[in-house]
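Enquirer: Got input_22.cif for you, mmCIF, C-alpha atoms:
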```cif
data_run
loop_
_atom_site.label_atom_id
_atom_site.label_comp_id
_atom_site.auth_asym_id
_atom_site.auth_seq_id
_atom_site.Cartn_x
_atom_site.Cartn_y
_atom_site.Cartn_z
CA MET R 1 -8.09 33.41 -6.51
CA SER R 2 -11.52 33.13 -4.87
CA VAL R 3 -12.31 34.07 -1.25
CA LEU R 4 -15.33 33.31 0.93
CA ILE R 5 -16.31 35.72 3.69
CA ILE R 6 -18.86 34.52 6.24
CA GLY R 7 -20.37 37.13 8.54
CA GLY R 8 -23.26 39.49 9.08
CA VAL R 9 -23.89 42.58 6.97
CA ASN R 10 -21.73 45.08 8.84
CA ASN R 11 -18.85 47.49 8.47
CA ASP R 12 -16.25 44.81 9.32
CA VAL R 13 -17.27 42.64 6.36
CA LEU R 14 -17.30 45.69 4.09
CA ARG R 15 -13.82 46.64 5.29
CA LEU R 16 -12.57 43.08 4.60
CA GLN R 17 -13.90 43.31 1.06
CA LYS R 18 -12.17 46.66 0.61
CA TYR R 19 -8.87 45.25 1.91
CA PHE R 20 -9.08 42.30 -0.49
CA HIS R 21 -9.58 44.68 -3.40
CA ARG R 22 -6.46 46.59 -2.31
CA ILE R 23 -4.35 43.41 -2.64
CA ASP R 24 -5.97 42.71 -6.03
CA ILE R 25 -8.29 39.90 -4.92
CA LYS R 26 -11.68 40.68 -6.41
CA ASP R 27 -13.42 37.29 -6.61
CA ILE R 28 -15.18 37.48 -3.23
CA HIS R 29 -18.29 35.61 -2.09
CA CYS R 30 -20.16 36.76 1.03
CA PHE R 31 -22.67 34.76 3.07
CA THR R 32 -24.18 35.35 6.47
CA SER R 33 -23.58 31.78 7.75
CA PRO R 34 -21.63 28.61 6.91
CA ASP R 35 -24.86 26.77 6.11
CA ALA R 36 -25.86 29.45 3.60
CA ALA R 37 -22.47 29.20 1.87
CA MET R 38 -22.57 25.41 1.74
CA ASN R 39 -26.12 25.40 0.39
CA TYR R 40 -25.74 28.01 -2.33
CA LEU R 41 -22.15 27.80 -3.58
CA ILE R 42 -22.17 25.50 -6.60
CA ASP R 43 -19.38 22.96 -7.04
CA SER R 44 -17.57 24.92 -9.75
CA LEU R 45 -17.27 27.96 -7.45
CA LYS R 46 -16.37 25.80 -4.47
CA GLU R 47 -13.42 24.30 -6.37
CA GLU R 48 -12.01 27.79 -6.91
CA LEU R 49 -12.09 28.76 -3.21
CA GLU R 50 -8.67 29.14 -1.64
CA LEU R 51 -9.45 31.01 1.57
CA ILE R 52 -12.29 31.47 4.08
CA ILE R 53 -12.71 34.42 6.45
CA LEU R 54 -15.11 33.74 9.31
CA ASP R 55 -16.17 37.04 10.90
CA ALA R 56 -17.52 36.47 14.42
CA LYS R 57 -17.37 37.91 17.90
CA LEU R 58 -15.61 35.27 19.99
CA THR R 59 -16.63 34.95 23.64
CA LEU R 60 -16.63 32.22 26.24
CA LYS R 61 -20.37 31.90 25.77
CA ASN R 62 -20.40 31.32 22.01
CA CYS R 63 -16.97 29.66 21.63
CA GLU R 64 -18.33 26.14 21.14
CA GLU R 65 -20.89 27.35 18.61
CA ILE R 66 -18.14 28.98 16.56
CA CYS R 67 -16.04 25.81 16.83
CA GLN R 68 -18.95 23.82 15.44
CA GLN R 69 -19.14 26.22 12.50
CA ILE R 70 -15.42 25.77 11.92
CA ASN R 71 -15.80 21.98 11.98
CA ARG R 72 -18.59 22.09 9.40
CA LEU R 73 -16.48 24.26 7.12
CA ILE R 74 -13.45 21.96 7.48
CA ASN R 75 -15.58 18.94 6.58
CA TRP R 76 -16.96 20.84 3.59
CA ILE R 77 -13.72 22.10 2.06
CA ASP R 78 -9.97 21.87 2.73
CA VAL R 79 -8.74 25.49 2.66
CA PRO R 80 -7.27 27.77 5.35
CA ILE R 81 -9.86 29.38 7.63
CA LEU R 82 -9.04 32.72 9.26
CA LEU R 83 -11.15 33.99 12.15
CA ALA R 84 -11.78 37.74 12.13
CA THR R 85 -12.55 38.71 15.73
CA THR R 86 -11.58 40.79 18.72
CA TYR R 87 -9.03 39.40 21.16
CA GLU R 88 -10.57 37.32 23.92
CA LYS R 89 -9.32 35.09 26.70
CA THR R 90 -6.54 32.64 25.92
CA ILE R 91 -8.81 29.68 26.54
CA THR R 92 -11.04 30.66 23.63
CA ILE R 93 -8.04 31.26 21.37
CA ASP R 94 -6.69 27.78 22.13
CA ARG R 95 -10.10 26.21 21.57
CA VAL R 96 -10.66 27.61 18.07
CA PHE R 97 -7.14 26.59 17.05
CA GLU R 98 -7.98 23.07 18.21
CA ALA R 99 -11.12 23.25 16.09
CA GLY R 100 -8.96 23.87 13.04
CA ILE R 101 -8.59 27.54 12.18
CA PHE R 102 -5.41 28.53 10.37
CA ASP R 103 -4.94 32.03 11.83
CA PHE R 104 -6.57 35.17 13.27
CA ILE R 105 -7.25 38.60 11.86
CA LEU R 106 -7.70 40.75 14.93
CA LYS R 107 -10.05 43.72 15.19
CA PRO R 108 -9.79 46.62 14.85
CA PHE R 109 -8.38 45.76 11.43
CA ASP R 110 -4.94 46.94 10.41
CA PHE R 111 -4.22 46.68 6.66
CA THR R 112 -0.56 45.69 7.07
CA GLN R 113 -1.45 42.90 9.48
CA PHE R 114 -4.31 41.83 7.21
CA LYS R 115 -2.09 41.72 4.14
CA THR R 116 0.64 39.72 5.90
CA ARG R 117 -1.74 37.11 7.28
CA ILE R 118 -3.51 36.68 3.94
CA GLN R 119 -0.16 36.25 2.17
CA VAL R 120 0.93 33.58 4.66
CA ALA R 121 -2.40 31.72 4.33
CA THR R 122 -2.30 31.96 0.52
CA LYS R 123 1.26 30.66 0.38
CA TYR R 124 0.29 27.74 2.60
CA GLN R 125 -2.74 26.97 0.43
CA ASN R 126 -0.70 27.02 -2.79
CA GLU R 127 1.93 24.71 -1.29
CA ALA R 128 -0.77 22.39 0.06
CA LYS R 129 -2.49 22.29 -3.33
CA LEU R 130 0.81 21.47 -5.05
CA ARG R 131 1.52 18.75 -2.49
CA ARG R 132 -1.92 17.20 -3.03
CA GLN R 133 -1.37 17.20 -6.79
CA GLN R 134 2.01 15.52 -6.37
CA GLU R 135 0.54 12.95 -3.99
CA SER R 136 -2.25 12.26 -6.45
CA MET R 137 0.28 11.67 -9.24
CA ILE R 138 2.31 9.38 -6.99
CA GLN R 139 -0.81 7.39 -6.10
CA LYS R 140 -1.65 6.98 -9.79
CA ASP R 141 1.91 5.83 -10.49
CA LEU R 142 1.72 3.36 -7.60
CA ILE R 143 -1.51 1.91 -8.97
CA VAL R 144 0.16 1.41 -12.35
CA ALA R 145 3.22 -0.11 -10.64
CA LYS R 146 1.01 -2.53 -8.69
CA LYS R 147 -0.69 -3.66 -11.90
CA PHE R 148 2.66 -4.03 -13.63
CA GLN R 149 4.01 -6.13 -10.76
CA LYS R 150 0.86 -8.27 -10.71
CA ASN R 151 1.10 -8.85 -14.47
CA ALA R 152 4.63 -10.20 -13.98
CA LEU R 153 3.25 -13.13 -11.94
CA SER R 154 3.09 -16.44 -13.81
CA PRO R 155 -0.40 -17.46 -14.98
CA PRO R 156 -1.87 -20.81 -13.83
CA LEU R 157 -0.10 -23.84 -15.29
CA ASN R 158 -1.97 -27.05 -16.14
CA LEU R 159 0.13 -29.98 -17.26
CA GLU R 160 -0.60 -33.69 -17.41
CA TYR R 161 0.74 -34.40 -13.92
CA ILE R 162 1.08 -30.93 -12.39
CA GLN R 163 -1.28 -28.02 -11.77
CA ILE R 164 0.03 -24.73 -10.32
CA ASP R 165 -2.01 -21.72 -9.20
CA GLY R 166 -1.11 -18.59 -7.27
CA LEU R 167 -2.99 -16.20 -5.00
CA TYR R 168 -1.62 -12.68 -4.71
CA VAL R 169 -3.21 -10.02 -2.49
CA THR R 170 -1.59 -6.60 -2.71
CA SER R 171 -0.97 -4.55 0.40
CA ASN R 172 -1.71 -0.85 0.76
CA THR R 173 1.80 -0.17 -0.52
CA LEU R 174 4.06 -1.78 -3.09
CA GLY R 175 5.63 -4.98 -1.85
CA GLY R 176 8.35 -7.44 -2.61
CA ASP R 177 6.49 -10.72 -3.25
CA MET R 178 6.81 -12.57 -6.54
CA TYR R 179 6.28 -16.07 -7.88
CA CYS R 180 7.07 -17.68 -11.20
CA TRP R 181 7.19 -21.15 -12.69
CA PHE R 182 8.54 -22.66 -15.88
CA LYS R 183 8.07 -25.93 -17.73
CA ILE R 184 11.69 -26.92 -18.41
CA ASN R 185 10.90 -29.97 -20.51
CA GLU R 186 8.40 -32.83 -20.63
CA HIS R 187 9.39 -34.07 -17.16
CA LEU R 188 10.84 -31.08 -15.27
CA THR R 189 8.90 -28.12 -13.82
CA ALA R 190 10.52 -25.36 -11.74
CA ILE R 191 8.75 -23.11 -9.21
CA LEU R 192 10.23 -20.10 -7.41
CA LEU R 193 8.61 -17.97 -4.73
CA TYR R 194 10.60 -15.09 -3.28
CA ASP R 195 10.14 -12.06 -1.05
CA ALA R 196 12.39 -8.99 -1.00
CA MET R 197 12.68 -7.70 2.55
CA GLY R 198 10.97 -4.40 3.26
CA HIS R 199 8.02 -2.65 1.69
CA GLY R 200 7.35 0.15 -0.73
CA ILE R 201 8.98 1.24 -3.95
CA ALA R 202 12.48 -0.01 -3.05
CA ALA R 203 11.31 -3.58 -2.39
CA SER R 204 9.21 -3.53 -5.56
CA LEU R 205 12.15 -2.39 -7.68
CA VAL R 206 14.32 -5.16 -6.28
CA THR R 207 11.59 -7.70 -6.98
CA MET R 208 11.09 -6.60 -10.57
CA SER R 209 14.82 -6.36 -11.24
CA VAL R 210 15.26 -9.96 -10.14
CA ARG R 211 12.13 -11.09 -12.01
CA SER R 212 13.63 -9.99 -15.33
CA LEU R 213 16.55 -12.41 -14.82
CA LEU R 214 14.66 -15.52 -13.84
CA LYS R 215 13.44 -17.10 -17.06
CA GLY R 216 16.90 -17.31 -18.59
CA MET R 217 18.50 -18.25 -15.29
CA ILE R 218 16.10 -21.05 -14.36
CA THR R 219 15.61 -22.61 -17.80
CA LYS R 220 19.36 -22.66 -18.35
CA LEU R 221 20.68 -23.71 -14.91
CA ILE R 222 17.68 -25.79 -13.72
CA ASP R 223 19.31 -27.45 -10.68
CA PRO R 224 18.20 -25.87 -7.34
CA VAL R 225 21.72 -25.45 -5.98
CA THR R 226 23.00 -23.83 -9.18
CA VAL R 227 19.94 -21.57 -9.53
CA ILE R 228 20.06 -20.34 -5.92
CA ARG R 229 23.82 -19.79 -6.10
CA GLU R 230 23.43 -17.64 -9.20
CA LEU R 231 20.42 -15.81 -7.74
CA ASN R 232 22.39 -14.97 -4.61
CA ARG R 233 25.31 -13.71 -6.69
CA GLN R 234 23.06 -11.52 -8.83
CA ILE R 235 21.30 -9.98 -5.82
CA TYR R 236 24.58 -9.34 -4.02
CA GLU R 237 26.22 -7.71 -7.05
CA LEU R 238 23.18 -5.71 -8.12
CA PHE R 239 22.72 -4.07 -4.74
CA SER R 240 26.10 -4.36 -3.03
CA ASP R 241 26.63 -0.59 -3.10
CA GLU R 242 23.39 0.15 -1.27
CA ASP R 243 22.08 -0.35 2.24
CA MET R 244 22.21 -4.15 2.36
CA ASP R 245 19.52 -4.53 5.02
CA ARG R 246 16.95 -3.27 2.54
CA PHE R 247 17.88 -5.62 -0.29
CA LEU R 248 17.98 -9.07 1.22
CA MET R 249 15.69 -11.75 -0.11
CA THR R 250 14.12 -15.00 1.05
CA ALA R 251 13.23 -17.63 -1.53
CA ILE R 252 12.10 -21.20 -1.98
CA TYR R 253 12.90 -22.98 -5.24
CA ILE R 254 11.36 -26.32 -6.17
CA LEU R 255 12.20 -28.62 -9.06
CA ILE R 256 9.66 -31.38 -9.75
CA ASP R 257 10.78 -34.39 -11.77
CA THR R 258 7.74 -36.42 -12.84
CA LYS R 259 9.85 -39.00 -14.72
CA ASN R 260 11.82 -40.05 -11.63
CA GLY R 261 9.12 -39.14 -9.10
CA THR R 262 11.22 -36.69 -7.08
CA LEU R 263 11.02 -33.20 -5.68
CA HIS R 264 14.22 -31.22 -5.15
CA TYR R 265 14.14 -27.97 -3.22
CA VAL R 266 16.25 -25.25 -1.62
CA ASN R 267 14.69 -22.97 1.01
CA ALA R 268 16.71 -19.79 1.57
CA ALA R 269 15.40 -18.45 4.91
CA HIS R 270 11.82 -18.53 3.57
CA PRO R 271 8.76 -19.67 5.58
CA ALA R 272 8.50 -23.46 5.47
CA GLY R 273 6.33 -24.91 2.72
CA PHE R 274 3.92 -27.80 3.25
CA LEU R 275 3.82 -31.04 1.26
CA PHE R 276 0.59 -32.97 1.86
CA GLY R 277 0.08 -36.60 0.94
CA LYS R 278 -3.15 -38.30 -0.03
CA TYR R 279 -3.75 -39.67 3.47
CA GLY R 280 -2.94 -36.52 5.40
CA GLU R 281 0.78 -37.06 5.88
CA THR R 282 2.67 -33.76 5.92
CA VAL R 283 6.29 -32.92 5.12
CA PHE R 284 7.63 -29.45 5.97
CA LEU R 285 9.93 -27.84 3.42
CA GLN R 286 12.05 -26.16 6.08
CA ALA R 287 14.65 -23.47 5.52
CA ASN R 288 18.06 -25.04 4.85
CA THR R 289 20.02 -22.17 3.28
CA PRO R 290 20.92 -18.62 4.45
CA ILE R 291 19.10 -15.51 3.25
CA LEU R 292 20.10 -14.28 -0.21
CA GLY R 293 22.14 -11.15 -0.91
CA LEU R 294 24.02 -10.83 2.37
CA PHE R 295 27.25 -12.52 1.26
CA PRO R 296 28.75 -13.14 -2.20
CA THR R 297 28.79 -16.89 -1.59
CA ILE R 298 26.69 -18.97 0.80
CA PRO R 299 26.40 -22.66 1.69
CA ILE R 300 23.44 -24.14 -0.20
CA ILE R 301 21.74 -27.37 0.77
CA LYS R 302 19.41 -29.23 -1.57
CA LYS R 303 16.90 -31.72 -0.23
CA THR R 304 15.16 -34.42 -2.21
CA ILE R 305 11.75 -35.95 -1.47
CA PRO R 306 10.32 -38.98 -3.30
CA LEU R 307 6.87 -38.53 -4.83
CA SER R 308 4.18 -41.07 -5.60
CA GLY R 309 0.47 -40.73 -6.23
CA TRP R 310 -1.22 -37.47 -5.15
CA HIS R 311 0.50 -34.56 -3.41
CA ARG R 312 -0.34 -30.93 -2.78
CA ILE R 313 2.34 -28.35 -1.98
CA ILE R 314 1.54 -25.03 -0.33
CA LEU R 315 4.06 -22.20 -0.45
CA TYR R 316 3.51 -18.73 0.99
CA THR R 317 5.22 -15.51 2.03
CA ASP R 318 5.43 -14.10 5.56
CA GLY R 319 2.60 -11.65 4.90
CA LEU R 320 0.24 -14.56 5.48
CA LEU R 321 1.40 -14.79 9.08
CA THR R 322 0.24 -11.24 9.83
CA LEU R 323 -3.43 -12.13 9.38
CA ASN R 324 -3.92 -12.75 13.09
CA LYS R 325 -2.09 -11.99 16.30
CA GLN R 326 -1.22 -15.64 16.89
CA HIS R 327 0.66 -15.81 13.55
CA ASN R 328 -1.03 -19.17 13.09
CA ILE R 329 -2.64 -20.25 9.83
CA ASP R 330 -4.53 -23.52 9.42
CA MET R 331 -2.66 -25.09 6.52
CA ASP R 332 -4.59 -28.35 6.97
CA PHE R 333 -7.41 -26.37 5.38
CA PHE R 334 -5.88 -27.15 1.99
CA HIS R 335 -5.90 -30.89 2.63
CA SER R 336 -9.63 -30.73 3.30
CA TYR R 337 -10.02 -29.61 -0.31
CA ALA R 338 -7.82 -32.37 -1.69
CA SER R 339 -10.49 -33.45 -4.16
CA GLN R 340 -10.84 -29.91 -5.52
CA GLU R 341 -8.67 -28.03 -7.97
CA ASN R 342 -6.02 -25.57 -6.79
CA SER R 343 -7.98 -22.52 -7.84
CA TYR R 344 -11.06 -23.59 -5.89
CA ALA R 345 -9.05 -24.32 -2.74
CA LEU R 346 -7.30 -20.93 -2.97
CA GLN R 347 -10.65 -19.20 -3.47
CA LYS R 348 -12.10 -20.85 -0.36
CA PHE R 349 -8.96 -20.01 1.60
CA SER R 350 -9.19 -16.34 0.65
CA GLN R 351 -12.85 -16.31 1.69
CA LYS R 352 -12.13 -17.92 5.05
CA TYR R 353 -9.57 -15.26 5.97
CA ASN R 354 -11.30 -12.37 4.10
CA LEU R 355 -8.12 -11.67 2.18
CA PHE R 356 -9.70 -9.37 -0.41
CA ASP R 357 -11.99 -7.54 2.00
CA ASN R 358 -9.35 -6.03 4.29
CA ASP R 359 -6.32 -3.77 4.00
CA HIS R 360 -3.02 -5.49 4.73
CA SER R 361 0.33 -4.10 5.83
CA ASP R 362 2.19 -6.67 3.72
CA ASP R 363 1.56 -8.53 0.49
CA ILE R 364 -0.02 -11.96 0.92
CA THR R 365 1.05 -14.62 -1.55
CA VAL R 366 0.10 -18.31 -1.63
CA VAL R 367 1.08 -20.86 -4.27
CA SER R 368 -0.69 -24.20 -4.55
CA ILE R 369 0.88 -27.06 -6.51
CA THR R 370 -0.97 -30.33 -7.13
CA ILE R 371 1.01 -33.34 -8.32
CA THR R 372 -0.72 -36.50 -9.53
CA LEU R 373 1.67 -39.26 -10.59
CA GLN R 374 -0.45 -42.07 -11.95
CA GLY R 375 0.76 -45.61 -11.44
CA ARG R 376 3.35 -44.62 -8.84
#
```
Let's see the structure in the file written out as structure tokens.

Expert:
Amino acid sequence: MSVLIIGGVNNDVLRLQKYFHRIDIKDIHCFTSPDAAMNYLIDSLKEELELIILDAKLTLKNCEEICQQINRLINWIDVPILLATTYEKTITIDRVFEAGIFDFILKPFDFTQFKTRIQVATKYQNEAKLRRQQESMIQKDLIVAKKFQKNALSPPLNLEYIQIDGLYVTSNTLGGDMYCWFKINEHLTAILLYDAMGHGIAASLVTMSVRSLLKGMITKLIDPVTVIRELNRQIYELFSDEDMDRFLMTAIYILIDTKNGTLHYVNAAHPAGFLFGKYGETVFLQANTPILGLFPTIPIIKKTIPLSGWHRIILYTDGLLTLNKQHNIDMDFFHSYASQENSYALQKFSQKYNLFDNDHSDDITVVSITITLQGR
């Protein structure tokens, strides 16, 4: 354990050194001022510091000066600071506590009092150090979890008549957004975007648990009604023993049939998607089915939209609506880039709203689907 004592060359500083030796703390560094300590203590010694004693006579006249010294020390290193001084007026005591000291060692020094206060400060420092280490490990684990969740997203899909791209912006915590798509056969392509309610590790675990089921479920069942029914059953059974409010899920599932020129979809309490036509016509893919996971069975409504020529579909999660206070996003923006590929339109959209330059409280996910049915 290493200790820093800041104070003039006097009997009080010598007594502090003697007291530290009595409690078997011998790695002691002494400087006459905070600036001297900060200038001359090399980084390797600084990392070993666990306690600072600031020896100063505290008066109304010099109180602010001492507070400034305390502030500089706090900005320099995060360890407990104890002020060794004589008792003064309450107003000065309150002020130095506001500045950030951990405790007092009152003069004239008493060894028992000194020992007790050092033990309390040392215990606090050890617990704080352990907490910082644990928080650092958790942050590293969260970074890995974010990458794992991002890697589970489907890569861009480029088929003869369909192109699909996704934009995923992570929040400052783990989230519950996920998208995936599968080519079922030569004519059928399925797209699913879902959002587990809530944030953090719980929502992420729900998302990844569901993600592991989807390939087999979608490629086998295919039909929107059947897929959503099975998805609701799985979510309800997986998490029925837990707090249900935390494990509900919104989703929108789309099945595109290029042979028959149709789009079938089910929207389970998810934000409405947009279907743009070549000439600016817009169809909203409104919610038509209850949220998933609340009940073992739910009424499911499938809607069908005929397709011909060029269309672009925009799907998104509710994190997009938190970008501004009006909760209003210009989705016509995507139609203005009708002649461009999905990836380019998504890139321009992210630049317009500075999606990658700001911290967000929720994940932001956008999926762009371009359909070009020639001769229809």

Enquirer: Using the chain letters and numbers from the file, which residues does the PyMOL selection byres ((chain R and resi 300) around 6) grab, as a PyMOL selection string?

Expert: chain R and resi 289+299+301

Enquirer: Here's the selection I'm unsure about, the PyMOL selection byres ((chain R and resi 307) around 10); applied to the file above, which residues does it give, as a VMD selection string?

Expert: chain R and resid 256 to 258 260 to 263 277 304 to 306 308 to 311 371 to 373 376

Enquirer: For the residues selected in the previous step, produce a file with C-alpha atoms as a compact mmCIF listing (two decimals), keeping the file's coordinate frame.

Expert:
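Output contents, as saved in result17.txt:
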```
# COMPACT_ATOMS: atom_id res chain seq x y z
CA ILE R 256 9.66 -31.38 -9.75
CA ASP R 257 10.78 -34.39 -11.77
CA THR R 258 7.74 -36.42 -12.84
CA ASN R 260 11.82 -40.05 -11.63
CA GLY R 261 9.12 -39.14 -9.10
CA THR R 262 11.22 -36.69 -7.08
CA LEU R 263 11.02 -33.20 -5.68
CA GLY R 277 0.08 -36.60 0.94
CA THR R 304 15.16 -34.42 -2.21
CA ILE R 305 11.75 -35.95 -1.47
CA PRO R 306 10.32 -38.98 -3.30
CA SER R 308 4.18 -41.07 -5.60
CA GLY R 309 0.47 -40.73 -6.23
CA TRP R 310 -1.22 -37.47 -5.15
CA HIS R 311 0.50 -34.56 -3.41
CA ILE R 371 1.01 -33.34 -8.32
CA THR R 372 -0.72 -36.50 -9.53
CA LEU R 373 1.67 -39.26 -10.59
CA ARG R 376 3.35 -44.62 -8.84
```

Enquirer: Hey, which of R:Gly280, R:Gly7, R:Pro108, R:Gly175 ends up closest to Ile66 of chain R? Count only C-alpha atoms.

Expert: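 Answer, going by the shortest atom-to-atom distance: R:Gly7.
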
Enquirer: Run the PyMOL selection byres ((chain R and resi 232-235) around 7) against the file shown and list the residues it catches, as a VMD selection string.

Expert: chain R and resid 228 to 231 236 to 239 292 to 293 296 to 297

Enquirer: Quick one: write out the picked residues with C-alpha atoms as a compact mmCIF listing (two decimals), in the coordinates of the input?

Expert:
```
# COMPACT_ATOMS: atom_id res chain seq x y z
CA ILE R 228 20.06 -20.34 -5.92
CA ARG R 229 23.82 -19.79 -6.10
CA GLU R 230 23.43 -17.64 -9.20
CA LEU R 231 20.42 -15.81 -7.74
CA TYR R 236 24.58 -9.34 -4.02
CA GLU R 237 26.22 -7.71 -7.05
CA LEU R 238 23.18 -5.71 -8.12
CA PHE R 239 22.72 -4.07 -4.74
CA LEU R 292 20.10 -14.28 -0.21
CA GLY R 293 22.14 -11.15 -0.91
CA PRO R 296 28.75 -13.14 -2.20
CA THR R 297 28.79 -16.89 -1.59
```

Enquirer: Neighbouring residues of segment 68-80 of chain R were defined as those with any atom within 6 Å, considering all atoms listed in the file; residues of the same chain fewer than 2 positions away were excluded. Please report them as a list in words.

Expert: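 What passes the distance filter is Glu50, Leu51, Glu65, Ile66 and Phe102 of chain R.
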
Enquirer: Is there a way to get, as a JSON list (two decimals) with C-alpha atoms, in the coordinates of the input, all residues within 12 Å of the point (12.9, -1.9, -8.8) in file coordinates, counting all atoms listed in the file?

Expert:
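Dumped everything to selection.json:
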```json
[["chain", "number", "residue", "atom", "x", "y", "z"],
["R", 145, "ALA", "CA", 3.22, -0.11, -10.64],
["R", 146, "LYS", "CA", 1.01, -2.53, -8.69],
["R", 148, "PHE", "CA", 2.66, -4.03, -13.63],
["R", 149, "GLN", "CA", 4.01, -6.13, -10.76],
["R", 174, "LEU", "CA", 4.06, -1.78, -3.09],
["R", 175, "GLY", "CA", 5.63, -4.98, -1.85],
["R", 176, "GLY", "CA", 8.35, -7.44, -2.61],
["R", 196, "ALA", "CA", 12.39, -8.99, -1.00],
["R", 199, "HIS", "CA", 8.02, -2.65, 1.69],
["R", 200, "GLY", "CA", 7.35, 0.15, -0.73],
["R", 201, "ILE", "CA", 8.98, 1.24, -3.95],
["R", 202, "ALA", "CA", 12.48, -0.01, -3.05],
["R", 203, "ALA", "CA", 11.31, -3.58, -2.39],
["R", 204, "SER", "CA", 9.21, -3.53, -5.56],
["R", 205, "LEU", "CA", 12.15, -2.39, -7.68],
["R", 206, "VAL", "CA", 14.32, -5.16, -6.28],
["R", 207, "THR", "CA", 11.59, -7.70, -6.98],
["R", 208, "MET", "CA", 11.09, -6.60, -10.57],
["R", 209, "SER", "CA", 14.82, -6.36, -11.24],
["R", 210, "VAL", "CA", 15.26, -9.96, -10.14],
["R", 211, "ARG", "CA", 12.13, -11.09, -12.01],
["R", 212, "SER", "CA", 13.63, -9.99, -15.33],
["R", 238, "LEU", "CA", 23.18, -5.71, -8.12],
["R", 239, "PHE", "CA", 22.72, -4.07, -4.74],
["R", 247, "PHE", "CA", 17.88, -5.62, -0.29]]
```

Enquirer: In Å, rounded to a single decimal, give me how far atom CA of Tyr179 of chain R is from atom CA of Ile218 of chain R.

Expert: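 Result for atom CA of Ile218 of chain R versus atom CA of Tyr179 of chain R: 12.8 Å, one decimal.
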
Enquirer: Once you've located segment 169-208 of chain R in the structure I gave, write it as a tab-separated table (two decimals), in the first residue's frame, keeping C-alpha atoms.

Expert:
```tsv
chain	number	residue	atom	x	y	z
R	169	VAL	CA	-27.08	1.33	-34.51
R	170	THR	CA	-26.37	0.05	-31.02
R	171	SER	CA	-27.44	2.02	-27.98
R	172	ASN	CA	-25.28	2.66	-24.93
R	173	THR	CA	-26.67	-0.57	-23.45
R	174	LEU	CA	-27.64	-3.93	-24.86
R	175	GLY	CA	-30.97	-3.86	-26.64
R	176	GLY	CA	-33.65	-6.09	-28.01
R	177	ASP	CA	-33.67	-5.32	-31.76
R	178	MET	CA	-33.06	-8.03	-34.34
R	179	TYR	CA	-33.72	-8.63	-38.02
R	180	CYS	CA	-33.29	-11.67	-40.22
R	181	TRP	CA	-34.30	-12.80	-43.67
R	182	PHE	CA	-34.28	-16.09	-45.55
R	183	LYS	CA	-34.60	-17.14	-49.16
R	184	ILE	CA	-37.21	-19.91	-48.91
R	185	ASN	CA	-37.07	-20.97	-52.54
R	186	GLU	CA	-36.71	-19.40	-55.99
R	187	HIS	CA	-39.86	-17.29	-55.55
R	188	LEU	CA	-40.37	-16.81	-51.78
R	189	THR	CA	-38.34	-14.55	-49.46
R	190	ALA	CA	-39.18	-14.03	-45.77
R	191	ILE	CA	-38.20	-11.02	-43.64
R	192	LEU	CA	-38.68	-10.64	-39.89
R	193	LEU	CA	-37.94	-7.59	-37.75
R	194	TYR	CA	-38.64	-7.79	-34.03
R	195	ASP	CA	-38.00	-5.86	-30.84
R	196	ALA	CA	-38.04	-7.32	-27.33
R	197	MET	CA	-39.50	-4.78	-24.92
R	198	GLY	CA	-37.07	-3.25	-22.46
R	199	HIS	CA	-33.33	-2.67	-22.55
R	200	GLY	CA	-30.20	-4.21	-21.18
R	201	ILE	CA	-29.06	-7.77	-20.70
R	202	ALA	CA	-32.54	-9.23	-20.18
R	203	ALA	CA	-33.88	-7.89	-23.50
R	204	SER	CA	-30.73	-9.03	-25.29
R	205	LEU	CA	-31.04	-12.56	-23.90
R	206	VAL	CA	-34.65	-12.76	-25.04
R	207	THR	CA	-33.67	-11.51	-28.49
R	208	MET	CA	-30.86	-14.02	-28.91
```
